[in-house]
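Asker: The structure under discussion is supplied below as structure tokens; questions concerning it will follow.
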Amino acid sequence: MNFSILSPKKILFGKEESYGLNTQLPKEAKRIMIIHGASLLKNPAFSEILSRLEERDVQRYQIPGGEPCPESVDAAADFAVNAGIQAVIGIGGGSAMDTAKAVSALVTNGGKVIDYLEGVGTGKKVSVPPLPLILVPTTAGTGTEATKNAVISSIEKGFKKSMRDDSMVADAAVIDPLLTQNMPRQIMAASGMDAICQLVESYTTRNANPFTDALALYHAGEAVRALPLAYKEDDEGARLSMGIAALASGITLANAGLGLAHGLASGIGAVTNIPHGIACGILLPVSMRFNIEKGIDKYAGLGEMFEQKRFLNNADACDAAVRIIEKLNEEIGIPKDFKSFGISQNGAIKIAEASMGSSMSKNPVEVTLDDCINIMQGLV
């Protein structure tokens, strides 16, 4: 078996690690752009982060709400070019970090972000190394701090695609539980299920390898136990566990890929405004049962990790894995289906048609367009 592993050049994990961002930046990078969302302004840790960057010329850039679209990313890149930015820090959820990744590459390579997007762009490649990049998540779920792609969506044009290159991996990923405290419970639930979905799918994808298996299996088990505590009690230890699980999910998805649930979630993101993590939570048990019925029994390992016991046969262990995910969804308020979101049967077809991307190709069994239509129409 041949495989290679891609990850951030440096990972810093622990309380107050975000206060040391200055030491992770190149000395010659004097003008810094911090890309963030509105919610970060309410976190007292952000003021401390800024105070420790005083020797730099820090340009703060607040992104609009929602997932990054081509227009918002291009506007951020134009700002960076005009301001003479020399390094980029993305602090926030997946949207802030994806924007930061794209901006760091666009500043040095030029053009519009849509030119680089897989499947819809002009095929332009990242040929010049991006600006130095540090990513600091404020949610525990997307794993974006560890991946090599920036996900860009356009509901108007009906796509959710990636700008992707190995050089876009962050120079440093910094995971600090201070930045996830007092996270709104619905965001904790959605981001947490995104991480769990990424771990489960990267463990079972056709591109999985022993390295990603070890990370995904262990941290999926830890996350399934930690998320309810983080959701109900804002427990710091649980948030730490979710932070490292999210990081692990970014590493495993970057190296092993994803599957059916994320494929369909991508289509949902292209057509609707349903939060990505909510979509992943709804789709994960459905996609697990689909693959199990097609003969994939690797979920047995997950069932045993979740239940922390041995089963007499793989079928029972696989069933346990799905039941645990369904129970977890119920505990943290993730719906069983999309019926409350007002998606029509025709809308389900549009979602299915927008879902046949790279994640779907890595699912452990072949998934057809008809399969996707049937799954989505059964959920709306």
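Following the order of the structure tokens, first chain is A, next is B, and so on, with residues numbered from 1 inside each chain and ligands from 1 in the order they appear.
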Report as a ChimeraX atom specification all protein, DNA and RNA residues lying within 12 Å of Lys309 (chain A), evaluated on only C-alpha atoms, omitting residues in the same chain fewer than 6 positions from it.
Answerer: /A:221,300-303,316-317,320-321
Asker: Show me, as JSON lines, the residues of region 137-232 of chain A having an atom within 8 Å of region 271-282 of chain A, each with the closest atom pair and its distance in Å, using only C-alpha atoms.
Answerer:
{"residue": "A:Ile155", "atom": "CA", "partner": "A:Val271", "partner_atom": "CA", "distance": 5.3}
{"residue": "A:Gly158", "atom": "CA", "partner": "A:Val271", "partner_atom": "CA", "distance": 5.6}
{"residue": "A:Phe159", "atom": "CA", "partner": "A:Val271", "partner_atom": "CA", "distance": 7.4}
{"residue": "A:Ala189", "atom": "CA", "partner": "A:Gly277", "partner_atom": "CA", "distance": 7.7}
{"residue": "A:Ala190", "atom": "CA", "partner": "A:Gly277", "partner_atom": "CA", "distance": 4.1}
{"residue": "A:Ser191", "atom": "CA", "partner": "A:Gly277", "partner_atom": "CA", "distance": 5.3}
{"residue": "A:Gly192", "atom": "CA", "partner": "A:Gly277", "partner_atom": "CA", "distance": 7.4}
{"residue": "A:Met193", "atom": "CA", "partner": "A:Gly281", "partner_atom": "CA", "distance": 5.3}
{"residue": "A:Asp194", "atom": "CA", "partner": "A:Gly277", "partner_atom": "CA", "distance": 4.6}
{"residue": "A:Cys197", "atom": "CA", "partner": "A:Cys280", "partner_atom": "CA", "distance": 6.3}
Asker: Would you put the residues from that selection into a file with N, CA, C and O atoms, as an mmCIF file, in the first residue's frame?
Answerer:
data_model
loop_
_atom_site.group_PDB
_atom_site.id
_atom_site.type_symbol
_atom_site.label_atom_id
_atom_site.label_comp_id
_atom_site.auth_asym_id
_atom_site.auth_seq_id
_atom_site.Cartn_x
_atom_site.Cartn_y
_atom_site.Cartn_z
ATOM 1 N N ILE A 155 -25.197 30.014 -4.515
ATOM 2 C CA ILE A 155 -26.569 29.526 -4.660
ATOM 3 C C ILE A 155 -27.159 30.037 -5.979
ATOM 4 O O ILE A 155 -27.888 29.316 -6.663
ATOM 5 N N GLY A 158 -25.680 27.798 -8.435
ATOM 6 C CA GLY A 158 -25.919 26.399 -8.102
ATOM 7 C C GLY A 158 -24.676 25.544 -7.982
ATOM 8 O O GLY A 158 -24.648 24.409 -8.469
ATOM 9 N N PHE A 159 -23.625 26.068 -7.321
ATOM 10 C CA PHE A 159 -22.446 25.214 -7.116
ATOM 11 C C PHE A 159 -21.839 25.441 -5.740
ATOM 12 O O PHE A 159 -22.033 26.479 -5.106
ATOM 13 N N ALA A 189 -23.614 22.130 17.875
ATOM 14 C CA ALA A 189 -24.206 20.911 17.328
ATOM 15 C C ALA A 189 -23.847 20.716 15.866
ATOM 16 O O ALA A 189 -23.407 19.630 15.445
ATOM 17 N N ALA A 190 -24.024 21.775 15.076
ATOM 18 C CA ALA A 190 -23.782 21.668 13.638
ATOM 19 C C ALA A 190 -22.315 21.418 13.332
ATOM 20 O O ALA A 190 -21.968 20.529 12.534
ATOM 21 N N SER A 191 -21.431 22.193 13.957
ATOM 22 C CA SER A 191 -20.003 22.019 13.672
ATOM 23 C C SER A 191 -19.512 20.675 14.191
ATOM 24 O O SER A 191 -18.682 20.018 13.553
ATOM 25 N N GLY A 192 -20.032 20.252 15.340
ATOM 26 C CA GLY A 192 -19.623 18.960 15.886
ATOM 27 C C GLY A 192 -20.026 17.801 14.994
ATOM 28 O O GLY A 192 -19.256 16.860 14.787
ATOM 29 N N MET A 193 -21.232 17.870 14.431
ATOM 30 C CA MET A 193 -21.665 16.794 13.540
ATOM 31 C C MET A 193 -20.906 16.818 12.218
ATOM 32 O O MET A 193 -20.700 15.772 11.601
ATOM 33 N N ASP A 194 -20.466 18.000 11.806
ATOM 34 C CA ASP A 194 -19.619 18.076 10.620
ATOM 35 C C ASP A 194 -18.325 17.295 10.863
ATOM 36 O O ASP A 194 -17.894 16.485 10.032
ATOM 37 N N CYS A 197 -19.050 13.536 11.053
ATOM 38 C CA CYS A 197 -19.321 13.025 9.708
ATOM 39 C C CYS A 197 -18.024 12.873 8.919
ATOM 40 O O CYS A 197 -17.817 11.869 8.222
#
Asker: May I ask for the distance between CA of Met33 (chain A) and CA of Arg164 (chain A), given in Å to one decimal place?
Answerer: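 CA of Arg164 (chain A) lies at a distance of 21.1 Å from CA of Met33 (chain A).
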Asker: Find the spatial neighbours of Gly250 (chain A), counting only C-alpha atoms, within a cut-off of 9 Å - ignore same-chain residues fewer than 6 positions away - and output them as a list in words.
Answerer: Ser7, Gly141, Thr142, Gly143, Thr144, Glu145, Ala146, Thr147, Ala195, Gln198 and Leu199 of chain A
Asker: Just write the chosen residues, N, CA and C atoms, as a compact mmCIF listing (two decimals), in the first residue's frame.
Answerer:
# COMPACT_ATOMS: atom_id res chain seq x y z
N SER A 7 -0.42 17.66 5.95
CA SER A 7 -0.99 18.30 7.13
C SER A 7 -0.35 19.69 7.30
N GLY A 141 -15.34 21.84 14.39
CA GLY A 141 -16.06 21.01 13.45
C GLY A 141 -15.56 20.93 12.03
N THR A 142 -15.22 22.06 11.41
CA THR A 142 -14.98 22.01 9.97
C THR A 142 -13.68 21.31 9.61
N GLY A 143 -12.67 21.41 10.47
CA GLY A 143 -11.37 20.84 10.13
C GLY A 143 -10.64 21.61 9.05
N THR A 144 -11.19 22.78 8.65
CA THR A 144 -10.62 23.56 7.56
C THR A 144 -9.19 23.99 7.84
N GLU A 145 -8.86 24.11 9.13
CA GLU A 145 -7.50 24.52 9.48
C GLU A 145 -6.44 23.53 9.03
N ALA A 146 -6.86 22.30 8.67
CA ALA A 146 -5.90 21.27 8.30
C ALA A 146 -5.96 20.85 6.85
N THR A 147 -6.85 21.46 6.06
CA THR A 147 -7.04 20.99 4.68
C THR A 147 -6.34 21.89 3.66
N ALA A 195 -17.70 17.52 12.02
CA ALA A 195 -16.46 16.82 12.35
C ALA A 195 -16.68 15.31 12.43
N GLN A 198 -17.12 13.84 9.03
CA GLN A 198 -15.84 13.76 8.33
C GLN A 198 -15.00 12.59 8.83
N LEU A 199 -15.01 12.35 10.13
CA LEU A 199 -14.24 11.23 10.68
C LEU A 199 -14.82 9.89 10.23
Asker: What gap, in Å, lies between CA of Leu253 (chain A) and CA of Ser167 (chain A)?
Answerer: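 Value for the CA of Leu253 (chain A)-CA of Ser167 (chain A) distance: 16.4 Å.
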Asker: Tell me which of A:Ala173, A:Met242, A:Ile251, A:Met376 sits closest to Ile134 (chain A), counting only C-alpha atoms.
Answerer: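 Nearest to Ile134 (chain A): A:Ala173.
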Asker: Quick one: residues within 9 Å of Ile292 (chain A), only C-alpha atoms counted, chain neighbours fewer than 5 positions away excluded, as a list of chain:residue names?
Answerer: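 Residues near the query, excluding close chain neighbours: A:Ser287, A:Asp297, A:Lys298, A:Tyr299, A:Ala315, A:Cys318, A:Asp319.
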Asker: Which of these, A:Gln345, A:Asn291, A:Ser51, A:Thr122, has the shortest distance to Asn22 (chain A) once you count only C-alpha atoms?
Answerer: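 Between A:Gln345, A:Asn291, A:Ser51, A:Thr122, the residue approaching Asn22 (chain A) most closely is A:Ser51.
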Asker: Using only C-alpha atoms, determine which residues lie at most 10 Å from Thr139 (chain A), disregarding the query and same-chain residues fewer than 2 positions distant; provide the list as a short mmCIF file (atom, residue, chain, number, x, y, z; two decimals) with all heavy atoms, in the first residue's frame.
Answerer:
data_model
loop_
_atom_site.label_atom_id
_atom_site.label_comp_id
_atom_site.auth_asym_id
_atom_site.auth_seq_id
_atom_site.Cartn_x
_atom_site.Cartn_y
_atom_site.Cartn_z
N ILE A 91 -9.27 33.66 11.45
CA ILE A 91 -9.78 33.28 12.77
C ILE A 91 -11.30 33.21 12.68
O ILE A 91 -11.96 34.21 12.42
CB ILE A 91 -9.38 34.28 13.86
CG1 ILE A 91 -7.87 34.55 13.86
CG2 ILE A 91 -9.81 33.77 15.23
CD1 ILE A 91 -7.41 35.52 14.93
N GLY A 92 -11.86 32.03 12.91
CA GLY A 92 -13.30 31.91 12.86
C GLY A 92 -13.74 30.50 12.53
O GLY A 92 -13.01 29.53 12.73
N GLY A 93 -14.95 30.39 11.99
CA GLY A 93 -15.44 29.12 11.51
C GLY A 93 -14.90 28.82 10.13
O GLY A 93 -13.97 29.48 9.64
N GLY A 94 -15.50 27.84 9.49
CA GLY A 94 -15.01 27.44 8.17
C GLY A 94 -15.02 28.56 7.16
O GLY A 94 -14.12 28.65 6.31
N VAL A 136 -6.95 29.68 12.67
CA VAL A 136 -7.32 29.53 14.08
C VAL A 136 -8.83 29.31 14.14
O VAL A 136 -9.61 30.27 13.98
CB VAL A 136 -6.94 30.78 14.89
CG1 VAL A 136 -7.14 30.52 16.38
CG2 VAL A 136 -5.51 31.22 14.60
N PRO A 137 -9.30 28.10 14.37
CA PRO A 137 -10.74 27.85 14.40
C PRO A 137 -11.40 28.35 15.68
O PRO A 137 -10.82 28.27 16.76
CB PRO A 137 -10.85 26.33 14.30
CG PRO A 137 -9.55 25.82 14.85
CD PRO A 137 -8.52 26.86 14.49
N GLY A 141 -15.34 21.84 14.39
CA GLY A 141 -16.06 21.01 13.45
C GLY A 141 -15.56 20.93 12.03
O GLY A 141 -15.46 19.86 11.47
N THR A 142 -15.22 22.06 11.41
CA THR A 142 -14.98 22.01 9.97
C THR A 142 -13.68 21.31 9.61
O THR A 142 -13.58 20.71 8.54
CB THR A 142 -14.96 23.43 9.36
OG1 THR A 142 -13.82 24.13 9.85
CG2 THR A 142 -16.22 24.19 9.73
N GLY A 143 -12.67 21.41 10.47
CA GLY A 143 -11.37 20.84 10.13
C GLY A 143 -10.64 21.61 9.05
O GLY A 143 -9.58 21.20 8.58
N ILE A 175 -5.22 25.61 17.72
CA ILE A 175 -6.49 25.21 18.31
C ILE A 175 -6.48 25.58 19.78
O ILE A 175 -5.67 25.06 20.55
CB ILE A 175 -6.76 23.70 18.13
CG1 ILE A 175 -6.92 23.34 16.65
CG2 ILE A 175 -8.01 23.28 18.89
CD1 ILE A 175 -5.66 23.11 15.90
N ASP A 176 -7.36 26.52 20.15
CA ASP A 176 -7.39 27.07 21.51
C ASP A 176 -8.83 27.02 22.03
O ASP A 176 -9.72 27.66 21.46
CB ASP A 176 -6.90 28.52 21.47
CG ASP A 176 -6.76 29.14 22.85
OD1 ASP A 176 -7.35 28.63 23.80
OD2 ASP A 176 -6.06 30.17 22.96
N PRO A 177 -9.08 26.29 23.12
CA PRO A 177 -10.46 26.18 23.63
C PRO A 177 -11.04 27.51 24.10
O PRO A 177 -12.26 27.65 24.22
CB PRO A 177 -10.33 25.19 24.79
CG PRO A 177 -8.91 25.27 25.22
CD PRO A 177 -8.13 25.53 23.95
N LEU A 179 -11.30 30.03 22.42
CA LEU A 179 -12.03 30.62 21.29
C LEU A 179 -13.34 29.89 21.00
O LEU A 179 -14.12 30.35 20.16
CB LEU A 179 -11.14 30.63 20.04
CG LEU A 179 -9.93 31.57 20.14
CD1 LEU A 179 -9.00 31.38 18.95
CD2 LEU A 179 -10.38 33.02 20.23
N THR A 180 -13.58 28.76 21.67
CA THR A 180 -14.85 28.05 21.46
C THR A 180 -15.77 28.16 22.67
O THR A 180 -16.86 27.60 22.64
CB THR A 180 -14.61 26.57 21.14
OG1 THR A 180 -13.93 25.93 22.25
CG2 THR A 180 -13.79 26.39 19.88
N GLN A 181 -15.34 28.86 23.73
CA GLN A 181 -16.21 28.97 24.89
C GLN A 181 -17.43 29.84 24.58
O GLN A 181 -17.36 30.77 23.78
CB GLN A 181 -15.46 29.54 26.09
CG GLN A 181 -14.93 30.95 25.91
CD GLN A 181 -14.03 31.38 27.06
OE1 GLN A 181 -13.89 30.67 28.04
NE2 GLN A 181 -13.40 32.54 26.92
N MET A 183 -19.86 29.15 22.83
CA MET A 183 -20.34 29.00 21.46
C MET A 183 -21.85 28.72 21.49
O MET A 183 -22.31 27.94 22.32
CB MET A 183 -19.62 27.83 20.78
CG MET A 183 -19.86 27.72 19.28
SD MET A 183 -19.24 26.15 18.60
CE MET A 183 -17.60 26.06 19.28
N PRO A 184 -22.66 29.36 20.66
CA PRO A 184 -24.09 29.04 20.61
C PRO A 184 -24.30 27.55 20.40
O PRO A 184 -23.60 26.91 19.62
CB PRO A 184 -24.58 29.85 19.39
CG PRO A 184 -23.63 31.00 19.30
CD PRO A 184 -22.30 30.44 19.72
N ILE A 187 -24.63 26.11 16.93
CA ILE A 187 -23.39 26.06 16.17
C ILE A 187 -22.51 24.91 16.68
O ILE A 187 -21.86 24.22 15.89
CB ILE A 187 -22.65 27.41 16.25
CG1 ILE A 187 -23.48 28.49 15.57
CG2 ILE A 187 -21.26 27.32 15.62
CD1 ILE A 187 -22.88 29.88 15.64
N MET A 188 -22.50 24.71 17.99
CA MET A 188 -21.77 23.57 18.55
C MET A 188 -22.29 22.26 17.96
O MET A 188 -21.52 21.38 17.57
CB MET A 188 -21.91 23.55 20.07
CG MET A 188 -21.28 22.34 20.75
SD MET A 188 -19.47 22.28 20.61
CE MET A 188 -19.02 23.55 21.81
N ALA A 190 -24.02 21.78 15.08
CA ALA A 190 -23.78 21.67 13.64
C ALA A 190 -22.32 21.42 13.33
O ALA A 190 -21.97 20.53 12.53
CB ALA A 190 -24.27 22.93 12.93
N SER A 191 -21.43 22.19 13.96
CA SER A 191 -20.00 22.02 13.67
C SER A 191 -19.51 20.68 14.19
O SER A 191 -18.68 20.02 13.55
CB SER A 191 -19.18 23.17 14.27
OG SER A 191 -19.33 23.23 15.67
N GLY A 192 -20.03 20.25 15.34
CA GLY A 192 -19.62 18.96 15.89
C GLY A 192 -20.03 17.80 14.99
O GLY A 192 -19.26 16.86 14.79
N ARG A 239 -14.91 20.43 25.02
CA ARG A 239 -14.58 21.30 23.90
C ARG A 239 -13.15 21.06 23.40
O ARG A 239 -12.88 21.14 22.20
CB ARG A 239 -14.76 22.76 24.29
CG ARG A 239 -16.23 23.17 24.37
CD ARG A 239 -16.44 24.67 24.51
NE ARG A 239 -16.10 25.18 25.83
CZ ARG A 239 -15.01 25.86 26.12
NH1 ARG A 239 -14.09 26.12 25.18
NH2 ARG A 239 -14.78 26.30 27.34
N MET A 242 -13.42 18.00 21.27
CA MET A 242 -14.01 18.32 19.99
C MET A 242 -13.04 19.10 19.10
O MET A 242 -13.02 18.92 17.88
CB MET A 242 -15.31 19.11 20.17
CG MET A 242 -16.47 18.30 20.73
SD MET A 242 -16.81 16.79 19.78
CE MET A 242 -17.15 17.45 18.15
N GLY A 243 -12.23 19.96 19.72
CA GLY A 243 -11.26 20.71 18.94
C GLY A 243 -10.23 19.82 18.27
O GLY A 243 -9.91 19.99 17.09
N ALA A 246 -11.93 17.74 15.55
CA ALA A 246 -12.13 18.52 14.33
C ALA A 246 -10.83 18.63 13.53
O ALA A 246 -10.82 18.49 12.30
CB ALA A 246 -12.67 19.90 14.67
#
Asker: With a distance cut-off of 6 Å and only C-alpha atoms, select the neighbouring residues of Lys160 (chain A), excluding the residue or stretch itself and same-chain residues fewer than 2 positions from it, and output the selection as an mmCIF file with all heavy atoms, in the first residue's frame.
Answerer:
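Contents of out_4.cif, freshly written:
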data_model
loop_
_atom_site.group_PDB
_atom_site.id
_atom_site.type_symbol
_atom_site.label_atom_id
_atom_site.label_comp_id
_atom_site.auth_asym_id
_atom_site.auth_seq_id
_atom_site.Cartn_x
_atom_site.Cartn_y
_atom_site.Cartn_z
ATOM 1 N N ILE A 152 -15.998 27.206 -1.834
ATOM 2 C CA ILE A 152 -16.684 28.423 -2.268
ATOM 3 C C ILE A 152 -18.046 28.028 -2.844
ATOM 4 O O ILE A 152 -18.139 27.089 -3.637
ATOM 5 C CB ILE A 152 -15.876 29.181 -3.339
ATOM 6 C CG1 ILE A 152 -14.393 29.289 -2.940
ATOM 7 C CG2 ILE A 152 -16.492 30.529 -3.629
ATOM 8 C CD1 ILE A 152 -14.121 30.079 -1.702
ATOM 9 N N SER A 153 -19.094 28.754 -2.456
ATOM 10 C CA SER A 153 -20.455 28.411 -2.883
ATOM 11 C C SER A 153 -21.112 29.549 -3.633
ATOM 12 O O SER A 153 -20.812 30.725 -3.388
ATOM 13 C CB SER A 153 -21.323 28.074 -1.662
ATOM 14 O OG SER A 153 -20.772 27.026 -0.900
ATOM 15 N N SER A 266 -22.870 18.801 -0.074
ATOM 16 C CA SER A 266 -22.355 19.784 -1.027
ATOM 17 C C SER A 266 -23.468 20.253 -1.961
ATOM 18 O O SER A 266 -23.594 21.455 -2.247
ATOM 19 C CB SER A 266 -21.208 19.180 -1.833
ATOM 20 O OG SER A 266 -20.724 20.092 -2.795
ATOM 21 N N ALA A 270 -25.190 24.004 -2.394
ATOM 22 C CA ALA A 270 -25.259 24.694 -3.684
ATOM 23 C C ALA A 270 -26.653 25.216 -3.990
ATOM 24 O O ALA A 270 -26.807 26.156 -4.772
ATOM 25 C CB ALA A 270 -24.806 23.753 -4.800
#
Asker: Which residues, written as a list of chain:residue names, have at least one atom at most 7 Å from Glu118 (chain A), with only C-alpha atoms counted and residues fewer than 5 positions away on the same chain left out?
Answerer: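 The residues satisfying every condition are A:Lys161, A:Ser162, A:Met163.
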Asker: Would you please work out which residue, of A:Gly110, A:Gly65, A:Gly90, A:Gly295, is nearest to Val174 (chain A) when using only C-alpha atoms?
Answerer: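 Looking only at the distances to Val174 (chain A), the closest residue turns out to be A:Gly90.
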Asker: Could you tell me, as a ChimeraX atom specification, which residues of region 192-283 of chain A DSSP assigns to alpha helix (DSSP H) when given the backbone?
Answerer: /A:192-204,210-233,236-256,260-271,276-283
Asker: May I ask which of the residues A:Gly269, A:Leu379, A:Val322, A:Leu328 is the closest one to Ser355 (chain A), counting only C-alpha atoms?
Answerer: A:Gly269
Asker: Where in region 162-268 of chain A does DSSP assign strand (DSSP E), given as a list in words?
Answerer: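 Selection result, strand (DSSP E) within region 162-268 of chain A: Ser162, Met163, Arg164, Ala172, Ala173, Val174 and Ile175 of chain A.
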Asker: Return the single residue from A:Phe3, A:Phe79, A:Phe46, A:Tyr203 that is closest to Pro364 (chain A), with distances computed using only C-alpha atoms.
Answerer: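 The closest residue to Pro364 (chain A) is A:Tyr203.
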Asker: Separation of CA of Glu67 (chain A) and CA of Ala38 (chain A), in Å?
Answerer: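 Computed distance, CA of Glu67 (chain A) to CA of Ala38 (chain A), equals 13.4 Å.
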